[in-house]
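Data from structure-v7.txt: compact mmCIF, C-alpha atoms and all ligand atoms
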# COMPACT_ATOMS: atom_id res chain seq x y z
CA MET T 192 7.37 -12.95 -7.44
CA PHE T 193 7.39 -10.66 -10.43
CA LEU T 194 8.51 -7.12 -9.67
CA LYS T 195 12.18 -7.31 -8.71
CA LYS T 196 13.41 -3.74 -8.64
CA VAL T 197 12.27 -0.13 -8.60
CA THR T 198 14.86 2.36 -9.87
CA LEU T 199 14.71 6.14 -9.59
CA LEU T 200 15.88 7.69 -12.88
CA LYS T 201 17.82 10.50 -11.26
CA GLU T 202 19.29 11.79 -14.52
CA LYS T 203 15.76 12.67 -15.73
CA ILE T 204 14.88 14.76 -12.66
CA PRO T 205 15.02 18.46 -13.53
CA ILE T 206 14.85 19.93 -10.04
CA PHE T 207 14.75 18.46 -6.55
CA ASN T 208 12.99 21.42 -4.87
CA ASP T 209 9.45 20.45 -5.84
CA TYR T 210 7.12 17.57 -4.98
CA PRO T 211 7.73 14.62 -5.18
CA PHE T 212 11.51 15.07 -5.03
CA SER T 213 11.20 17.43 -2.09
CA ILE T 214 10.31 14.34 -0.03
CA PRO T 215 13.66 13.30 1.49
CA SER T 216 13.06 9.52 1.22
CA ILE T 217 12.18 9.81 -2.49
CA ALA T 218 15.07 12.15 -3.30
CA SER T 219 17.56 9.75 -1.72
CA LEU T 220 16.23 6.64 -3.52
CA ASN T 221 18.55 4.95 -5.98
CA GLU T 222 17.07 1.50 -6.36
CA MET T 223 14.82 -0.64 -4.22
CA LYS T 224 15.27 -4.38 -4.56
CA LEU T 225 12.23 -6.56 -3.89
CA GLU T 226 13.23 -10.00 -2.67
CA SER T 227 10.11 -11.29 -0.96
CA ASN T 228 6.56 -11.95 -2.16
CA VAL T 229 5.40 -9.55 0.53
CA THR T 230 6.97 -6.11 0.98
CA PHE T 231 5.83 -3.49 3.45
CA PHE T 232 6.39 0.28 3.34
CA VAL T 233 6.41 1.83 6.82
CA GLY T 234 7.23 5.27 8.12
CA GLU T 235 5.82 8.41 9.67
CA ASN T 236 2.87 10.20 8.12
CA GLY T 237 4.10 12.16 5.13
CA SER T 238 7.30 10.16 4.68
CA GLY T 239 6.49 9.27 1.05
CA LYS T 240 5.02 5.74 1.13
CA SER T 241 1.85 6.51 -0.83
CA THR T 242 3.76 8.65 -3.31
CA LEU T 243 6.00 5.71 -4.27
CA LEU T 244 3.19 3.14 -4.18
CA GLU T 245 1.01 5.29 -6.43
CA ALA T 246 3.90 5.71 -8.89
CA ILE T 247 4.38 1.92 -9.01
CA ALA T 248 0.61 1.48 -9.56
CA ASP T 249 0.67 4.03 -12.39
CA LYS T 250 3.63 2.27 -14.01
CA CYS T 251 1.73 -1.05 -13.73
CA GLY T 252 -1.09 0.56 -15.72
CA PHE T 253 -3.53 0.44 -12.79
CA ASN T 254 -5.98 3.25 -12.16
CA THR T 255 -4.24 5.59 -9.71
CA ALA T 256 -7.55 6.23 -7.94
CA GLY T 257 -7.69 2.50 -7.21
CA GLY T 258 -8.44 -0.56 -9.32
CA GLY T 259 -6.81 -2.75 -11.94
CA ARG T 260 -5.98 -2.30 -15.61
CA ASN T 261 -9.60 -2.58 -16.74
CA ASN T 262 -10.99 -0.10 -14.26
CA SER T 263 -11.07 3.10 -16.20
CA TYR T 264 -12.93 5.93 -14.49
CA ASP T 265 -10.95 9.02 -15.36
CA VAL T 266 -13.11 11.30 -13.29
CA TYR T 267 -11.34 10.28 -10.09
CA GLU T 268 -7.92 9.49 -11.51
CA THR T 269 -5.00 11.58 -10.32
CA ASN T 270 -1.66 11.84 -12.06
CA SER T 271 1.35 10.32 -10.39
CA GLU T 272 4.03 12.97 -10.58
CA LEU T 273 6.70 10.39 -9.82
CA SER T 274 5.87 7.55 -12.21
CA GLU T 275 7.72 8.94 -15.23
CA TYR T 276 10.88 9.06 -13.12
CA ILE T 277 10.92 5.41 -12.03
CA ARG T 278 11.70 2.17 -13.86
CA LEU T 279 10.20 -1.17 -12.88
CA SER T 280 12.27 -4.32 -13.51
CA TRP T 281 10.15 -7.48 -13.89
CA MET T 282 10.99 -11.16 -14.13
CA PRO T 283 8.57 -12.23 -15.54
CA LYS T 284 6.40 -9.27 -16.47
CA ILE T 285 2.75 -9.52 -15.46
CA THR T 286 -0.15 -7.17 -16.00
CA ASN T 287 -2.76 -8.67 -13.65
CA GLY T 288 -3.26 -7.00 -10.28
CA PHE T 289 -4.95 -4.30 -8.28
CA PHE T 290 -4.19 -1.00 -6.53
CA LEU T 291 -6.22 -0.59 -3.35
CA ARG T 292 -6.30 2.98 -2.22
CA SER T 293 -8.19 3.04 1.07
CA GLU T 294 -8.79 6.79 1.09
CA SER T 295 -10.61 6.75 -2.26
CA PHE T 296 -12.17 3.29 -2.20
CA TYR T 297 -15.63 4.85 -2.26
CA HIS T 298 -14.88 6.17 -5.79
CA PHE T 299 -13.93 2.67 -6.95
CA ALA T 300 -17.08 1.21 -5.34
CA THR T 301 -19.23 3.89 -7.02
CA HIS T 302 -17.63 3.15 -10.38
CA ILE T 303 -18.22 -0.61 -10.00
CA ASP T 304 -21.82 0.07 -9.00
CA LYS T 305 -22.35 1.86 -12.32
CA VAL T 306 -20.64 -0.61 -14.64
CA ASP T 307 -21.03 -4.08 -13.10
CA ASP T 308 -23.31 -6.39 -15.11
CA ASN T 309 -22.25 -9.63 -13.50
CA GLY T 310 -24.19 -9.60 -10.23
CA PHE T 311 -21.10 -8.26 -8.42
CA LYS T 312 -19.51 -11.72 -8.73
CA ASP T 313 -16.03 -10.30 -8.13
CA TYR T 314 -17.26 -8.54 -4.98
CA GLY T 315 -19.19 -11.18 -3.02
CA GLY T 316 -22.49 -10.93 -4.93
CA LYS T 317 -23.48 -7.55 -3.49
CA SER T 318 -22.81 -3.94 -4.43
CA LEU T 319 -19.73 -2.65 -2.60
CA LEU T 320 -21.78 0.41 -1.66
CA LYS T 321 -24.18 -1.82 0.27
CA GLN T 322 -21.40 -3.38 2.33
CA SER T 323 -19.61 -1.80 5.25
CA HIS T 324 -16.17 -0.34 4.57
CA GLY T 325 -14.40 -3.35 6.07
CA GLU T 326 -16.81 -5.87 4.54
CA SER T 327 -16.27 -4.36 1.09
CA PHE T 328 -12.48 -4.61 1.46
CA MET T 329 -12.73 -8.27 2.49
CA SER T 330 -15.15 -9.01 -0.39
CA LEU T 331 -12.63 -7.55 -2.79
CA PHE T 332 -9.71 -9.51 -1.31
CA ILE T 333 -11.58 -12.82 -1.22
CA ASN T 334 -13.38 -12.64 -4.56
CA ARG T 335 -11.42 -10.46 -6.93
CA PHE T 336 -7.87 -11.27 -5.87
CA ASN T 337 -6.67 -14.51 -7.48
CA GLY T 338 -3.96 -16.08 -9.62
CA GLU T 339 -0.64 -14.62 -10.68
CA ALA T 340 -0.85 -10.93 -9.89
CA ILE T 341 0.70 -7.99 -8.12
CA TYR T 342 -1.35 -6.30 -5.41
CA LEU T 343 -0.52 -2.81 -4.23
CA LEU T 344 -2.37 -1.95 -1.03
CA ASP T 345 -2.30 1.48 0.59
CA GLU T 346 -3.28 1.21 4.26
CA PRO T 347 -5.72 -1.70 3.88
CA GLU T 348 -6.09 -1.76 7.67
CA ALA T 349 -7.95 1.57 7.54
CA ALA T 350 -11.27 -0.27 7.40
CA LEU T 351 -10.40 -3.53 9.09
CA SER T 352 -10.98 -4.69 12.66
CA PRO T 353 -8.08 -6.56 14.28
CA ALA T 354 -9.86 -9.85 13.51
CA ARG T 355 -10.27 -8.86 9.87
CA GLN T 356 -6.61 -7.83 9.71
CA LEU T 357 -5.78 -11.39 10.73
CA ALA T 358 -8.18 -12.61 8.03
CA LEU T 359 -6.29 -10.46 5.51
CA LEU T 360 -3.02 -12.08 6.61
CA LYS T 361 -4.59 -15.45 5.78
CA VAL T 362 -5.74 -14.18 2.36
CA ILE T 363 -2.23 -12.90 1.65
CA HIS T 364 -0.74 -16.20 2.78
CA ASP T 365 -3.10 -18.28 0.60
CA LEU T 366 -2.55 -16.12 -2.49
CA GLU T 367 1.18 -15.89 -1.99
CA THR T 368 1.72 -19.62 -1.51
CA GLN T 369 -0.89 -20.97 -3.96
CA GLY T 370 -1.12 -18.34 -6.64
CA ASP T 371 2.38 -16.87 -6.67
CA ALA T 372 0.99 -13.43 -5.92
CA GLN T 373 3.18 -10.49 -4.94
CA PHE T 374 2.12 -7.80 -2.47
CA ILE T 375 3.48 -4.34 -1.74
CA ILE T 376 1.64 -2.83 1.21
CA ALA T 377 1.94 0.60 2.82
CA THR T 378 0.74 0.19 6.38
CA HIS T 379 0.73 1.43 9.95
CA SER T 380 -0.62 -1.87 11.29
CA PRO T 381 1.63 -3.83 13.66
CA ILE T 382 -0.56 -6.86 12.93
CA LEU T 383 -0.06 -6.79 9.15
CA LEU T 384 3.64 -5.99 9.54
CA GLY T 385 4.03 -9.25 11.46
CA TYR T 386 3.60 -11.32 8.28
CA PRO T 387 6.36 -13.96 8.31
CA GLU T 388 9.37 -13.57 5.97
CA ALA T 389 8.14 -10.18 4.74
CA GLU T 390 10.57 -7.48 3.72
CA ILE T 391 9.98 -4.15 5.47
CA TYR T 392 11.23 -0.85 4.05
CA SER T 393 11.25 2.17 6.33
CA PHE T 394 10.81 5.64 4.79
CA ASP T 395 11.95 7.42 7.95
CA HIS T 396 15.08 9.54 8.53
CA GLY T 397 15.15 10.77 4.92
CA GLN T 398 15.94 7.42 3.36
CA ILE T 399 14.36 4.16 2.27
CA ALA T 400 16.06 1.34 4.13
CA LYS T 401 15.28 -2.19 5.25
CA ILE T 402 14.22 -2.58 8.86
CA ASP T 403 13.43 -5.54 11.11
CA TYR T 404 9.87 -5.92 12.40
CA GLU T 405 10.91 -5.49 16.03
CA ASP T 406 12.78 -2.27 15.18
CA THR T 407 9.74 -0.50 13.73
CA ASP T 408 7.97 2.16 15.83
CA HIS T 409 4.74 0.32 15.06
CA TYR T 410 5.94 -2.74 16.91
CA SER T 411 7.78 -1.05 19.77
CA ILE T 412 5.23 1.68 20.56
CA THR T 413 2.30 -0.77 20.39
CA LYS T 414 4.13 -3.31 22.55
CA TYR T 415 5.10 -0.71 25.13
CA PHE T 416 1.59 0.74 25.18
CA LEU T 417 -0.08 -2.64 25.70
CA GLU T 418 2.35 -3.69 28.41
CA ASN T 419 2.48 -0.33 30.27
CA ARG T 420 -0.78 1.39 29.35
CA LYS T 421 -1.36 3.25 32.62
CA ARG T 422 2.21 4.51 32.95
CA PHE T 423 2.35 5.38 29.26
CA LEU T 424 -0.82 7.50 29.49
CA TYR T 425 0.29 9.09 32.76
CA GLU T 426 3.52 10.24 31.08
CA LEU T 427 1.66 11.39 27.99
CA PHE T 428 -0.93 13.49 29.86
CA LYS T 429 1.13 14.90 32.71
CA GLU T 430 1.63 18.66 32.92
CA GLU T 431 5.09 19.86 31.92
N1 LIG M 501 0.01 16.09 -4.97
C1 LIG M 501 0.85 16.56 -4.03
N2 LIG M 501 1.43 17.76 -4.18
C2 LIG M 501 2.30 18.24 -3.27
N3 LIG M 501 2.67 17.57 -2.16
C3 LIG M 501 2.11 16.37 -1.95
C4 LIG M 501 1.18 15.80 -2.86
N4 LIG M 501 0.82 14.57 -2.42
C5 LIG M 501 1.49 14.41 -1.25
N5 LIG M 501 2.26 15.47 -0.98
C6 LIG M 501 3.17 15.62 0.18
O1 LIG M 501 4.18 14.63 0.07
C7 LIG M 501 4.52 14.12 1.35
C8 LIG M 501 4.42 12.60 1.33
O2 LIG M 501 3.06 12.22 1.18
P1 LIG M 501 2.62 10.69 1.12
O3 LIG M 501 1.13 10.68 0.93
O4 LIG M 501 3.44 9.95 0.15
O5 LIG M 501 3.01 10.21 2.62
P2 LIG M 501 2.73 8.83 3.35
O6 LIG M 501 4.05 8.33 3.86
O7 LIG M 501 1.94 7.92 2.49
O8 LIG M 501 1.87 9.34 4.59
P3 LIG M 501 0.65 8.69 5.41
O9 LIG M 501 1.23 7.64 6.31
O10 LIG M 501 0.11 9.85 6.20
O11 LIG M 501 -0.35 8.16 4.42
C9 LIG M 501 3.58 14.79 2.35
O12 LIG M 501 4.28 15.82 3.00
C10 LIG M 501 2.48 15.35 1.49
O13 LIG M 501 1.94 16.52 2.03
Kindly return the structure encoded in the file as structure tokens.
Amino acid sequence: MFLKKVTLLKEKIPIFNDYPFSIPSIASLNEMKLESNVTFFVGENGSGKSTLLEAIADKCGFNTAGGGRNNSYDVYETNSELSEYIRLSWMPKITNGFFLRSESFYHFATHIDKVDDNGFKDYGGKSLLKQSHGESFMSLFINRFNGEAIYLLDEPEAALSPARQLALLKVIHDLETQGDAQFIIATHSPILLGYPEAEIYSFDHGQIAKIDYEDTDHYSITKYFLENRKRFLYELFKEE
């Protein structure tokens, strides 16, 4: 693995009232140690996962709208308001990698459609715009992801069927074990979170703290739902 630590430079922060320091998990961050090739960010909607992931991507020099170092398409790029307040500690430093931002992947696909002159070799030999959302994600993972690199994925499951989520686990496993790749993944998927030996950071309760897989809401709510679906729905829908 390459990225070992993310530190919040608290002394540089002028005021904690405004975004992104108004997010409790971000405001309470001191340093986050990364000790596994695969790290997950979990937490409720709005708990700050994407904000931190985007700041890390910006610091890596990746396009914050999604892409790697060479994917410059300013028109869709957004500024990370957090990146100038974090420090990344590497050992060794690498520059290869990719930031997958599910919500704006269409912009990346449109950009590639305009500039690719290589028969879409990095994307399965077909324009990403002519593949389904999930197919285009898998084409990217299988063809473009390789070698020593850091991959930052924001909700990759958004486009993936359960079977394709399992396929992504296999891609992660192959890259991690053969290519020494590092992954940081913000997710709500109980399937992805089940990756063995992964480190999981929860952004809930106003802090960023390690959590075991079985202690995440994603695991426990999904498990309870699948095992007690009728009772669960009865309780959910019943009149107060
Ligand atoms: N550019 C912005 N300006 C002001 N507030 C923002 C901005 N971007 C995000 N926020 C707010 O910051 C909070 C954290 O957002 P963020 O996208 O990091 O959450 P998240 O944990 O990734 O959520 P989700 O699981 O829904 O993707 C939210 O309350 C959001 O409304």
Could you pull the residues within 10 Å of Gly385 in chain T, counting all atoms listed in the file, minus those fewer than 4 positions along the same chain, as a PDB file with C-alpha atoms, in the frame of the given file?
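Final file, out25.pdb:
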ATOM      1  CA  LEU T 360      -3.020 -12.080   6.610  1.00  0.00           C
ATOM      2  CA  SER T 380      -0.620  -1.870  11.290  1.00  0.00           C
ATOM      3  CA  PRO T 381       1.630  -3.830  13.660  1.00  0.00           C
ATOM      4  CA  ALA T 389       8.140 -10.180   4.740  1.00  0.00           C
ATOM      5  CA  ILE T 391       9.980  -4.150   5.470  1.00  0.00           C
ATOM      6  CA  TYR T 404       9.870  -5.920  12.400  1.00  0.00           C
ATOM      7  CA  GLU T 405      10.910  -5.490  16.030  1.00  0.00           C
ATOM      8  CA  TYR T 410       5.940  -2.740  16.910  1.00  0.00           C
TER       9      TYR T 410
END
Counting all atoms listed in the file, name the residues that have an atom within 12 Å of an atom of ligand LIG 501 (chain M); the answer should be given as a ChimeraX atom specification.
/T:208-218,231-246,269-273,292-294,344-349,376-380,392-395,397-399,409
Around the point (-12.2, -0.4, -14.7) (coordinates from the file), which residues reach within 12 Å if we count all atoms listed in the file? Answer as a ChimeraX atom specification.
/T:252-268,288-290,298-307
At a cut-off of 12 Å, using only C-alpha atoms, what residues contact Gln369 in chain T? Leave out same-chain residues fewer than 2 positions from it and give the result as a list in words.
Asn228, Asn337, Gly338, Glu339, Ala340, Lys361, Val362, Ile363, His364, Asp365, Leu366, Glu367, Asp371, Ala372 and Gln373 of chain T
Selected residue, from T:Met329, T:Leu417, T:Leu225, T:Ala354, that lies nearest to Met282 in chain T when counting all atoms listed in the file:
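For Met282 in chain T, the nearest of the candidates is T:Leu225.
Note that CA of Thr413 in chain T and CA of Ile375 in chain T are 22.4 Å apart.
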